[in-house]
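Engineer: Next up is a structure, given as structure tokens.
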Amino acid sequence: WGWYAAMEAKTNSAAKANPVYALVDVNNFYVSCERAFNPKLEGVPMVVLSNNDGCAVARSAEAKALGIKMGEPWHKVKDLARQHGVLAYSSNYTLYGDMSQRCVEVLSAFTPNLEVYSVDESFLQIESVLQLYPSATDMGQQIRQRMRQWLSMPVCVGIGPTKTLAKLANHMAKKMPRFNGVCDLHALPKSERLELMGSIDVSEVWGVGRRNGIRLNEMGIHTVLDLRCAKPSEIRKHFNVVMERTCQELRGVPCLELEDVTPDKQQIMSSKSFGQPVIMVQDLCEAVSTYVERATQKLRAQKSLAGGLYVFLRTNPFNPNAEQYSANRHVSFGVPTDDTREISDLAIQVIKHLYKPGYVYKKAGVMLTGLTQVENRQTDLFTDTTAIEKSSSLMKALDDINNRFGRNSLICASSGFDKKWSMKCSNRSPHYTTSWNELPLAN
């Protein structure tokens with residue numbers, strides 16, 4: 001056992017000194033989710049629209065080729081869509097969230113060291129498992145093959161000694177067909193690697209973006225290679241320590257470790273624009289009660305309590321012909337809580353106070369603030385601890401039922417049942433994987 005422990009410690013030490021990261025990114029994630037259950041959409045130009053079918057938030061390669069831009073309002077491209085047969089789908093967040101989790105489960109079989117970076121991206125630390133494959137590129141191709149076979153999800157894989165270089169390699173894997181979807185940056189000869197860096201705009205570097213890219217251009221830094229060769233101390237002087245770390249990571253010096261556990265949120269917001277104009281206070285009350293249900297479910301999932309509640313409502317600022325009004329209010333709880341009923345009752349009281357008749361409302365929302373961990377709960381002298389225990393049991397039962405039978409299986413009556421104000425999604429695909437009534441059928 002002593003020998004085994006020593007060898008394990010040696011392996012872990014070597015892995016820590018020479019990490020290898022892989023970034024796995026699903027191509028056009030929302031579009032790919034739709035195509036996974038409707039193969040007839042393959043090769044068809046299509047977009048997925050934002051809340052209330054407003055803007056294009058995902059585009060197939062065919063739609064991009066037609067010039068449809070990210071975030072472009074759908075009403076501006078309807079003529080182009082009719083001309084070229086572009087299909088538009090409403091966002092199906094329930095399906096996308098479930099498919100995202102399935103992607104993570106598949107990737108977890110390749111390595112235990114995984115960080116879920118976003119709904120369609122995950123970092124894998126792979127140096128400890130590379131001996132199982134002929135090369136890192138072969139491992140990347142196996143990841144692509146399994147994701148395609150098991151989930152019908154096309155992915156690209158970028159591999160490098162730092163997270164920033166893995167992200168850059170993923171960009172190359174997507175944009176350069178020669179890599180066939182997998183780019184191991186440090187498997188390339190150094191001269192070729194530097195040449196590729198010199199051909200990519202600095203704004204493509206993870207964490208740089210357009211604004212910082214403009215500032216870097218003013219300093220004579222135009223490409224990834226320019227930033228790699230810049231003095232880190234000079235970069236820090238003009239920007240911050242984060243940009244300095246980016247510069248170091250481009251040189252192959254790891255500065256960003258894998259986050260095994262996603263940090264708890266410090267605030268939780270739930271808000272959406274209404275599918276149709278709202279003028280009645282009762283509809284506003286139902287909306288904020290619904291938003292509280294969603295926010296408190298997330299609150300309990302991370303085992304937190306809320307110390308305060310922020311509520312807001314507003315009219316449509318993009319309608320110049322309508323009278324404008326917006327209002328908000330923040331209130332604190334005497335004792336932090338995660339009870340949906342308690343927070344919902346308070347939100348309804350606040351919205352009734354903010355409401356003014358005669359206006360057409362477009363949006364409302366809630367934010368839970370002052371979050372603390374459940375184990376750090378502090379009560380006052382007059383708190384009924386028995387009531388807290390009963391509340392905790394009730395909320396656990398509520399979450400268990402909704403997790404087992406689907407969201408909104410059990411709701412507060414104050415959230416309403418008709419929900420005429422709910423988000424417009426006139427062309428939403430079925431909830432193939434999370435609703436018994438919408439399971440895909442095989443003929």
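Ordered as shown in the structure tokens, chains take letters A, B, and onward, while each chain numbers its residues from 1 and ligands are numbered from 1 in the order shown.
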Counting only C-alpha atoms, what is within 7 Å of region 335-351 of chain A, bar same-chain residues fewer than 4 positions away, as a list in words?
Structural biologist: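 Once the nearby chain positions are removed, what remains is Cys285, Val288, Ser289, Val292, Glu293, Thr296, Leu299, Arg300, Leu305, Ala306, Gly307, Val311, Tyr355, Thr379, Ser391 and Met395 of chain A.
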Engineer: For Glu62 (chain A), please output as a VMD selection string all residues within 12 Å (counting only C-alpha atoms; exclusion window: fewer than 2 positions along the same chain).
Structural biologist: chain A and resid 28 31 41 to 47 58 to 60 64 to 69 81 84 to 87
Engineer: Keeping only C-alpha atoms, write the selected residues as a CSV table (one decimal), in the first residue's frame.
Structural biologist:
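And here is the file that came out, again_20.csv:
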chain,number,residue,atom,x,y,z
A,28,ASN,CA,-24.4,25.1,-33.2
A,31,VAL,CA,-29.7,23.6,-33.9
A,41,LEU,CA,-33.5,19.1,-40.8
A,42,GLU,CA,-29.9,18.1,-41.8
A,43,GLY,CA,-28.6,20.4,-44.5
A,44,VAL,CA,-31.6,22.7,-44.2
A,45,PRO,CA,-31.0,26.4,-43.3
A,46,MET,CA,-32.6,27.0,-39.9
A,47,VAL,CA,-32.4,29.3,-36.9
A,58,ALA,CA,-28.6,29.9,-33.0
A,59,ARG,CA,-28.0,29.4,-36.7
A,60,SER,CA,-27.1,26.4,-38.8
A,64,LYS,CA,-24.9,31.7,-41.6
A,65,ALA,CA,-23.9,31.3,-45.3
A,66,LEU,CA,-27.1,33.3,-46.2
A,67,GLY,CA,-25.8,36.2,-44.1
A,68,ILE,CA,-28.2,35.8,-41.1
A,69,LYS,CA,-26.3,37.3,-38.1
A,81,ALA,CA,-36.1,33.3,-45.0
A,84,HIS,CA,-34.4,30.6,-49.2
A,85,GLY,CA,-36.7,28.3,-47.2
A,86,VAL,CA,-35.1,29.1,-43.8
A,87,LEU,CA,-36.9,27.4,-40.9
Engineer: Hey, what does DSSP flag as alpha helix (DSSP H) within region 225-283 of chain A? Can you give it to me as a list of chain:residue names?
Structural biologist: A:Leu225, A:Asp226, A:Leu227, A:Arg228, A:Cys229, A:Pro232, A:Ser233, A:Glu234, A:Ile235, A:Arg236, A:Lys237, A:His238, A:Val241, A:Val242, A:Met243, A:Glu244, A:Arg245, A:Thr246, A:Cys247, A:Gln248, A:Glu249, A:Leu250, A:Val281, A:Gln282, A:Asp283
Engineer: Compile the contact shell of Val202 (chain A) as a tab-separated table (two decimals) with all heavy atoms, in the first residue's frame: residues with an atom at most 10 Å away, counting only C-alpha atoms, same-chain residues fewer than 2 positions apart removed.
Structural biologist:
chain	number	residue	atom	x	y	z
A	197	MET	N	-0.99	30.88	-35.08
A	197	MET	CA	-1.31	31.95	-34.14
A	197	MET	C	-1.21	33.32	-34.81
A	197	MET	O	-1.99	34.24	-34.50
A	197	MET	CB	-0.38	31.89	-32.93
A	197	MET	CG	-0.64	30.74	-31.98
A	197	MET	SD	0.45	30.83	-30.53
A	197	MET	CE	-0.22	29.52	-29.51
A	198	GLY	N	-0.26	33.44	-35.72
A	198	GLY	CA	-0.08	34.71	-36.41
A	198	GLY	C	-1.17	35.01	-37.42
A	198	GLY	O	-1.26	36.14	-37.92
A	199	SER	N	-2.00	34.02	-37.74
A	199	SER	CA	-3.06	34.21	-38.73
A	199	SER	C	-4.42	34.46	-38.10
A	199	SER	O	-5.40	34.68	-38.81
A	199	SER	CB	-3.14	32.98	-39.64
A	199	SER	OG	-3.58	31.83	-38.91
A	200	ILE	N	-4.50	34.42	-36.77
A	200	ILE	CA	-5.79	34.55	-36.08
A	200	ILE	C	-5.85	35.87	-35.34
A	200	ILE	O	-4.90	36.25	-34.62
A	200	ILE	CB	-6.00	33.38	-35.09
A	200	ILE	CG1	-5.97	32.05	-35.85
A	200	ILE	CG2	-7.32	33.54	-34.34
A	200	ILE	CD1	-6.03	30.83	-34.95
A	204	GLU	N	-10.17	36.81	-31.06
A	204	GLU	CA	-10.67	35.45	-30.98
A	204	GLU	C	-10.18	34.72	-29.73
A	204	GLU	O	-10.67	33.64	-29.41
A	204	GLU	CB	-10.26	34.65	-32.21
A	204	GLU	CG	-10.82	35.17	-33.52
A	204	GLU	CD	-12.32	34.96	-33.64
A	204	GLU	OE1	-12.88	34.19	-32.82
A	204	GLU	OE2	-12.93	35.56	-34.53
A	205	VAL	N	-9.20	35.31	-29.02
A	205	VAL	CA	-8.67	34.67	-27.82
A	205	VAL	C	-9.72	34.69	-26.72
A	205	VAL	O	-10.41	35.70	-26.50
A	205	VAL	CB	-7.38	35.37	-27.34
A	205	VAL	CG1	-6.89	34.77	-26.01
A	205	VAL	CG2	-6.30	35.26	-28.39
A	206	TRP	N	-9.86	33.58	-26.03
A	206	TRP	CA	-10.82	33.44	-24.93
A	206	TRP	C	-10.60	34.54	-23.89
A	206	TRP	O	-9.52	34.71	-23.36
A	206	TRP	CB	-10.61	32.06	-24.29
A	206	TRP	CG	-11.56	31.71	-23.19
A	206	TRP	CD1	-12.87	32.05	-23.09
A	206	TRP	CD2	-11.26	30.92	-22.04
A	206	TRP	NE1	-13.42	31.52	-21.95
A	206	TRP	CE2	-12.46	30.82	-21.29
A	206	TRP	CE3	-10.11	30.27	-21.58
A	206	TRP	CZ2	-12.53	30.10	-20.09
A	206	TRP	CZ3	-10.18	29.56	-20.40
A	206	TRP	CH2	-11.37	29.48	-19.66
A	208	VAL	N	-10.73	37.82	-24.44
A	208	VAL	CA	-10.31	39.11	-24.99
A	208	VAL	C	-11.52	39.87	-25.53
A	208	VAL	O	-11.89	40.92	-25.04
A	208	VAL	CB	-9.24	38.93	-26.10
A	208	VAL	CG1	-8.95	40.26	-26.79
A	208	VAL	CG2	-7.96	38.38	-25.48
A	209	GLY	N	-12.14	39.35	-26.56
A	209	GLY	CA	-13.34	39.98	-27.09
A	209	GLY	C	-13.06	41.21	-27.93
A	209	GLY	O	-11.92	41.63	-28.13
A	210	ARG	N	-14.14	41.84	-28.41
A	210	ARG	CA	-14.02	42.95	-29.35
A	210	ARG	C	-13.44	44.20	-28.71
A	210	ARG	O	-12.54	44.84	-29.25
A	210	ARG	CB	-15.39	43.27	-29.96
A	210	ARG	CG	-15.36	44.31	-31.07
A	210	ARG	CD	-16.74	44.55	-31.64
A	210	ARG	NE	-17.64	45.06	-30.62
A	210	ARG	CZ	-17.74	46.37	-30.31
A	210	ARG	NH1	-16.98	47.25	-30.92
A	210	ARG	NH2	-18.58	46.77	-29.39
A	212	ASN	N	-11.63	44.71	-25.83
A	212	ASN	CA	-10.22	44.58	-25.48
A	212	ASN	C	-9.37	44.40	-26.73
A	212	ASN	O	-8.21	44.82	-26.76
A	212	ASN	CB	-10.01	43.39	-24.54
A	212	ASN	CG	-10.46	43.69	-23.12
A	212	ASN	OD1	-10.46	44.84	-22.69
A	212	ASN	ND2	-10.86	42.65	-22.40
A	213	GLY	N	-9.95	43.79	-27.77
A	213	GLY	CA	-9.22	43.63	-29.02
A	213	GLY	C	-8.86	44.97	-29.63
A	213	GLY	O	-7.75	45.15	-30.15
A	214	ILE	N	-9.78	45.92	-29.55
A	214	ILE	CA	-9.52	47.27	-30.08
A	214	ILE	C	-8.39	47.94	-29.29
A	214	ILE	O	-7.48	48.54	-29.87
A	214	ILE	CB	-10.79	48.13	-30.02
A	214	ILE	CG1	-11.85	47.56	-30.99
A	214	ILE	CG2	-10.49	49.58	-30.35
A	214	ILE	CD1	-13.20	48.23	-30.89
A	216	LEU	N	-6.03	46.42	-27.63
A	216	LEU	CA	-4.78	45.74	-27.96
A	216	LEU	C	-4.25	46.16	-29.32
A	216	LEU	O	-3.04	46.32	-29.52
A	216	LEU	CB	-4.99	44.22	-27.92
A	216	LEU	CG	-5.15	43.60	-26.52
A	216	LEU	CD1	-5.67	42.18	-26.63
A	216	LEU	CD2	-3.83	43.63	-25.75
A	217	ASN	N	-5.17	46.37	-30.28
A	217	ASN	CA	-4.76	46.85	-31.60
A	217	ASN	C	-4.05	48.19	-31.51
A	217	ASN	O	-3.07	48.44	-32.21
A	217	ASN	CB	-5.98	46.98	-32.53
A	217	ASN	CG	-6.57	45.64	-32.92
A	217	ASN	OD1	-7.68	45.57	-33.43
A	217	ASN	ND2	-5.86	44.56	-32.67
A	221	ILE	N	-0.88	45.19	-31.02
A	221	ILE	CA	-1.11	43.75	-30.86
A	221	ILE	C	-2.35	43.38	-31.66
A	221	ILE	O	-3.48	43.71	-31.28
A	221	ILE	CB	-1.29	43.39	-29.37
A	221	ILE	CG1	-0.01	43.74	-28.59
A	221	ILE	CG2	-1.62	41.92	-29.21
A	221	ILE	CD1	-0.13	43.55	-27.09
A	222	HIS	N	-2.14	42.70	-32.79
A	222	HIS	CA	-3.24	42.42	-33.71
A	222	HIS	C	-3.58	40.93	-33.81
A	222	HIS	O	-4.70	40.58	-34.16
A	222	HIS	CB	-2.89	42.94	-35.11
A	222	HIS	CG	-2.67	44.42	-35.16
A	222	HIS	ND1	-3.70	45.33	-35.27
A	222	HIS	CD2	-1.52	45.15	-35.09
A	222	HIS	CE1	-3.21	46.56	-35.28
A	222	HIS	NE2	-1.89	46.48	-35.17
A	223	THR	N	-2.63	40.07	-33.53
A	223	THR	CA	-2.86	38.63	-33.68
A	223	THR	C	-2.63	37.91	-32.36
A	223	THR	O	-2.10	38.48	-31.40
A	223	THR	CB	-1.92	38.03	-34.74
A	223	THR	OG1	-0.56	38.09	-34.25
A	223	THR	CG2	-2.03	38.80	-36.05
A	224	VAL	N	-3.02	36.65	-32.34
A	224	VAL	CA	-2.77	35.81	-31.16
A	224	VAL	C	-1.28	35.74	-30.88
A	224	VAL	O	-0.84	35.79	-29.72
A	224	VAL	CB	-3.35	34.40	-31.38
A	224	VAL	CG1	-3.04	33.51	-30.18
A	224	VAL	CG2	-4.85	34.45	-31.63
A	225	LEU	N	-0.48	35.63	-31.94
A	225	LEU	CA	0.97	35.55	-31.76
A	225	LEU	C	1.52	36.83	-31.14
A	225	LEU	O	2.42	36.77	-30.29
A	225	LEU	CB	1.64	35.30	-33.11
A	225	LEU	CG	3.17	35.14	-33.09
A	225	LEU	CD1	3.56	33.96	-32.21
A	225	LEU	CD2	3.70	34.96	-34.51
A	226	ASP	N	0.97	37.98	-31.52
A	226	ASP	CA	1.41	39.25	-30.93
A	226	ASP	C	1.18	39.26	-29.43
A	226	ASP	O	2.03	39.69	-28.66
A	226	ASP	CB	0.67	40.43	-31.58
A	226	ASP	CG	1.04	40.63	-33.04
A	226	ASP	OD1	2.13	40.18	-33.42
A	226	ASP	OD2	0.22	41.21	-33.78
A	227	LEU	N	0.01	38.76	-29.01
A	227	LEU	CA	-0.29	38.74	-27.58
A	227	LEU	C	0.59	37.74	-26.86
A	227	LEU	O	1.04	37.98	-25.73
A	227	LEU	CB	-1.77	38.40	-27.36
A	227	LEU	CG	-2.27	38.39	-25.91
A	227	LEU	CD1	-2.03	39.74	-25.24
A	227	LEU	CD2	-3.76	38.03	-25.85
A	228	ARG	N	0.85	36.62	-27.49
A	228	ARG	CA	1.73	35.61	-26.89
A	228	ARG	C	3.12	36.18	-26.65
A	228	ARG	O	3.77	35.87	-25.64
A	228	ARG	CB	1.81	34.39	-27.79
A	228	ARG	CG	2.71	33.28	-27.28
A	228	ARG	CD	2.93	32.22	-28.35
A	228	ARG	NE	3.76	31.12	-27.87
A	228	ARG	CZ	5.09	31.14	-27.83
A	228	ARG	NH1	5.73	32.23	-28.24
A	228	ARG	NH2	5.76	30.10	-27.39
Engineer: Residues near region 421-435 of chain A, anyone? I mean within 9 Å using only C-alpha atoms, not counting same-chain ones fewer than 3 positions away, as an MDAnalysis selection string.
Structural biologist: chainID A and resid 34 37 49 51:53 88:92 94:95 98:99 272:278 283:284 286:287 405:406 418 438:440
Engineer: From a backbone DSSP assignment, name each residue in region 202-409 of chain A labelled strand (DSSP E or B), as a VMD selection string.
Structural biologist: chain A and resid 223 268 to 278 304 to 315 326 to 337 361 to 369 372 to 373
Engineer: Which one is closest to Pro19 (chain A): A:Lys163, A:Arg329, A:Arg294, A:Arg148? Count only C-alpha atoms.
Structural biologist: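 The shortest atom-to-atom distance to Pro19 (chain A) comes from A:Lys163.
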Engineer: Quick one: pull the distance between CA of Val360 (chain A) and CA of Ala56 (chain A), Å, one decimal.
Structural biologist: 25.7 Å
Engineer: Between CA of Lys174 (chain A) and CA of Gln131 (chain A), what is the distance, to one decimal in Å?
Structural biologist: 25.9 Å
Engineer: Within 12 Å of Met147 (chain A), counting only C-alpha atoms, which residues qualify if same-chain residues fewer than 2 places away don't, as a compact mmCIF listing (two decimals) with N, CA and C atoms, in the first residue's frame?
Structural biologist:
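New file result-v3.txt:
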# COMPACT_ATOMS: atom_id res chain seq x y z
N VAL A 24 -14.29 20.44 -25.36
CA VAL A 24 -15.27 19.81 -26.26
C VAL A 24 -16.45 20.76 -26.40
N ASP A 25 -16.73 21.14 -27.63
CA ASP A 25 -17.76 22.14 -27.92
C ASP A 25 -18.73 21.57 -28.95
N VAL A 26 -20.02 21.57 -28.63
CA VAL A 26 -21.04 21.08 -29.57
C VAL A 26 -21.28 22.16 -30.63
N ASN A 27 -21.23 21.77 -31.88
CA ASN A 27 -21.43 22.72 -32.98
C ASN A 27 -22.89 23.17 -33.04
N SER A 32 -28.30 21.71 -33.31
CA SER A 32 -27.96 20.28 -33.27
C SER A 32 -28.97 19.49 -32.43
N ALA A 36 -31.12 16.41 -33.88
CA ALA A 36 -30.95 15.07 -33.30
C ALA A 36 -32.25 14.29 -33.31
N MET A 99 -30.39 17.71 -23.00
CA MET A 99 -29.36 17.23 -23.92
C MET A 99 -27.97 17.65 -23.45
N SER A 100 -27.88 18.84 -22.86
CA SER A 100 -26.61 19.30 -22.30
C SER A 100 -26.13 18.35 -21.20
N ARG A 102 -26.91 15.21 -20.87
CA ARG A 102 -26.54 13.94 -21.49
C ARG A 102 -25.13 14.03 -22.11
N CYS A 103 -24.81 15.18 -22.68
CA CYS A 103 -23.46 15.37 -23.22
C CYS A 103 -22.42 15.25 -22.12
N VAL A 104 -22.71 15.85 -20.97
CA VAL A 104 -21.78 15.80 -19.84
C VAL A 104 -21.60 14.36 -19.37
N GLU A 105 -22.68 13.60 -19.33
CA GLU A 105 -22.60 12.20 -18.89
C GLU A 105 -21.71 11.38 -19.82
N VAL A 106 -21.82 11.62 -21.13
CA VAL A 106 -20.97 10.89 -22.09
C VAL A 106 -19.51 11.28 -21.89
N LEU A 107 -19.24 12.57 -21.73
CA LEU A 107 -17.86 13.04 -21.58
C LEU A 107 -17.25 12.56 -20.26
N SER A 108 -18.08 12.40 -19.23
CA SER A 108 -17.57 11.96 -17.93
C SER A 108 -17.00 10.55 -17.99
N ALA A 109 -17.36 9.78 -19.01
CA ALA A 109 -16.83 8.42 -19.14
C ALA A 109 -15.39 8.43 -19.64
N PHE A 110 -14.92 9.57 -20.18
CA PHE A 110 -13.56 9.65 -20.69
C PHE A 110 -12.57 10.07 -19.61
N GLY A 140 -9.49 12.50 -29.01
CA GLY A 140 -10.46 13.49 -29.47
C GLY A 140 -11.39 12.93 -30.52
N GLN A 141 -10.86 12.13 -31.44
CA GLN A 141 -11.71 11.53 -32.47
C GLN A 141 -12.68 10.52 -31.88
N GLN A 142 -12.25 9.80 -30.84
CA GLN A 142 -13.17 8.87 -30.17
C GLN A 142 -14.30 9.63 -29.47
N ILE A 143 -13.96 10.77 -28.89
CA ILE A 143 -14.99 11.60 -28.26
C ILE A 143 -16.01 12.04 -29.31
N ARG A 144 -15.51 12.50 -30.45
CA ARG A 144 -16.41 12.95 -31.52
C ARG A 144 -17.30 11.80 -32.00
N GLN A 145 -16.70 10.62 -32.19
CA GLN A 145 -17.46 9.49 -32.69
C GLN A 145 -18.55 9.06 -31.71
N GLN A 149 -22.53 9.14 -32.26
CA GLN A 149 -23.25 7.86 -32.29
C GLN A 149 -24.31 7.78 -31.19
N TRP A 150 -23.97 8.22 -29.98
CA TRP A 150 -24.88 8.06 -28.85
C TRP A 150 -25.92 9.17 -28.77
N LEU A 151 -25.55 10.39 -29.17
CA LEU A 151 -26.46 11.52 -28.98
C LEU A 151 -26.79 12.27 -30.27
N SER A 152 -26.18 11.87 -31.38
CA SER A 152 -26.35 12.58 -32.66
C SER A 152 -25.91 14.04 -32.55
N MET A 153 -24.90 14.30 -31.72
CA MET A 153 -24.41 15.66 -31.51
C MET A 153 -23.02 15.82 -32.13
N PRO A 154 -22.85 16.71 -33.11
CA PRO A 154 -21.53 16.94 -33.71
C PRO A 154 -20.70 17.85 -32.80
N VAL A 155 -19.46 17.48 -32.54
CA VAL A 155 -18.61 18.28 -31.67
C VAL A 155 -17.25 18.49 -32.32
N CYS A 156 -16.56 19.53 -31.84
CA CYS A 156 -15.16 19.75 -32.17
C CYS A 156 -14.36 19.72 -30.87
N VAL A 157 -13.10 19.29 -30.97
CA VAL A 157 -12.27 19.13 -29.78
C VAL A 157 -10.97 19.90 -29.98
Engineer: Grab the CA of Ser128 (chain A) to CA of Asp184 (chain A) distance for me, in Å with one decimal place.
Structural biologist: 16.3 Å
Engineer: Just the residues within 8 Å of Leu256 (chain A), please, counting only C-alpha atoms, with nothing from its chain fewer than 2 positions along; format it as an NGL selection string.
Structural biologist: :A and (162-163 or 245 or 254 or 258)
Engineer: Counting only C-alpha atoms, which of A:Pro73, A:Gly334, A:Asp400, A:Asn113 gets nearest to Thr383 (chain A)?
Structural biologist: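 Smallest separation from Thr383 (chain A) among the options: A:Gly334.
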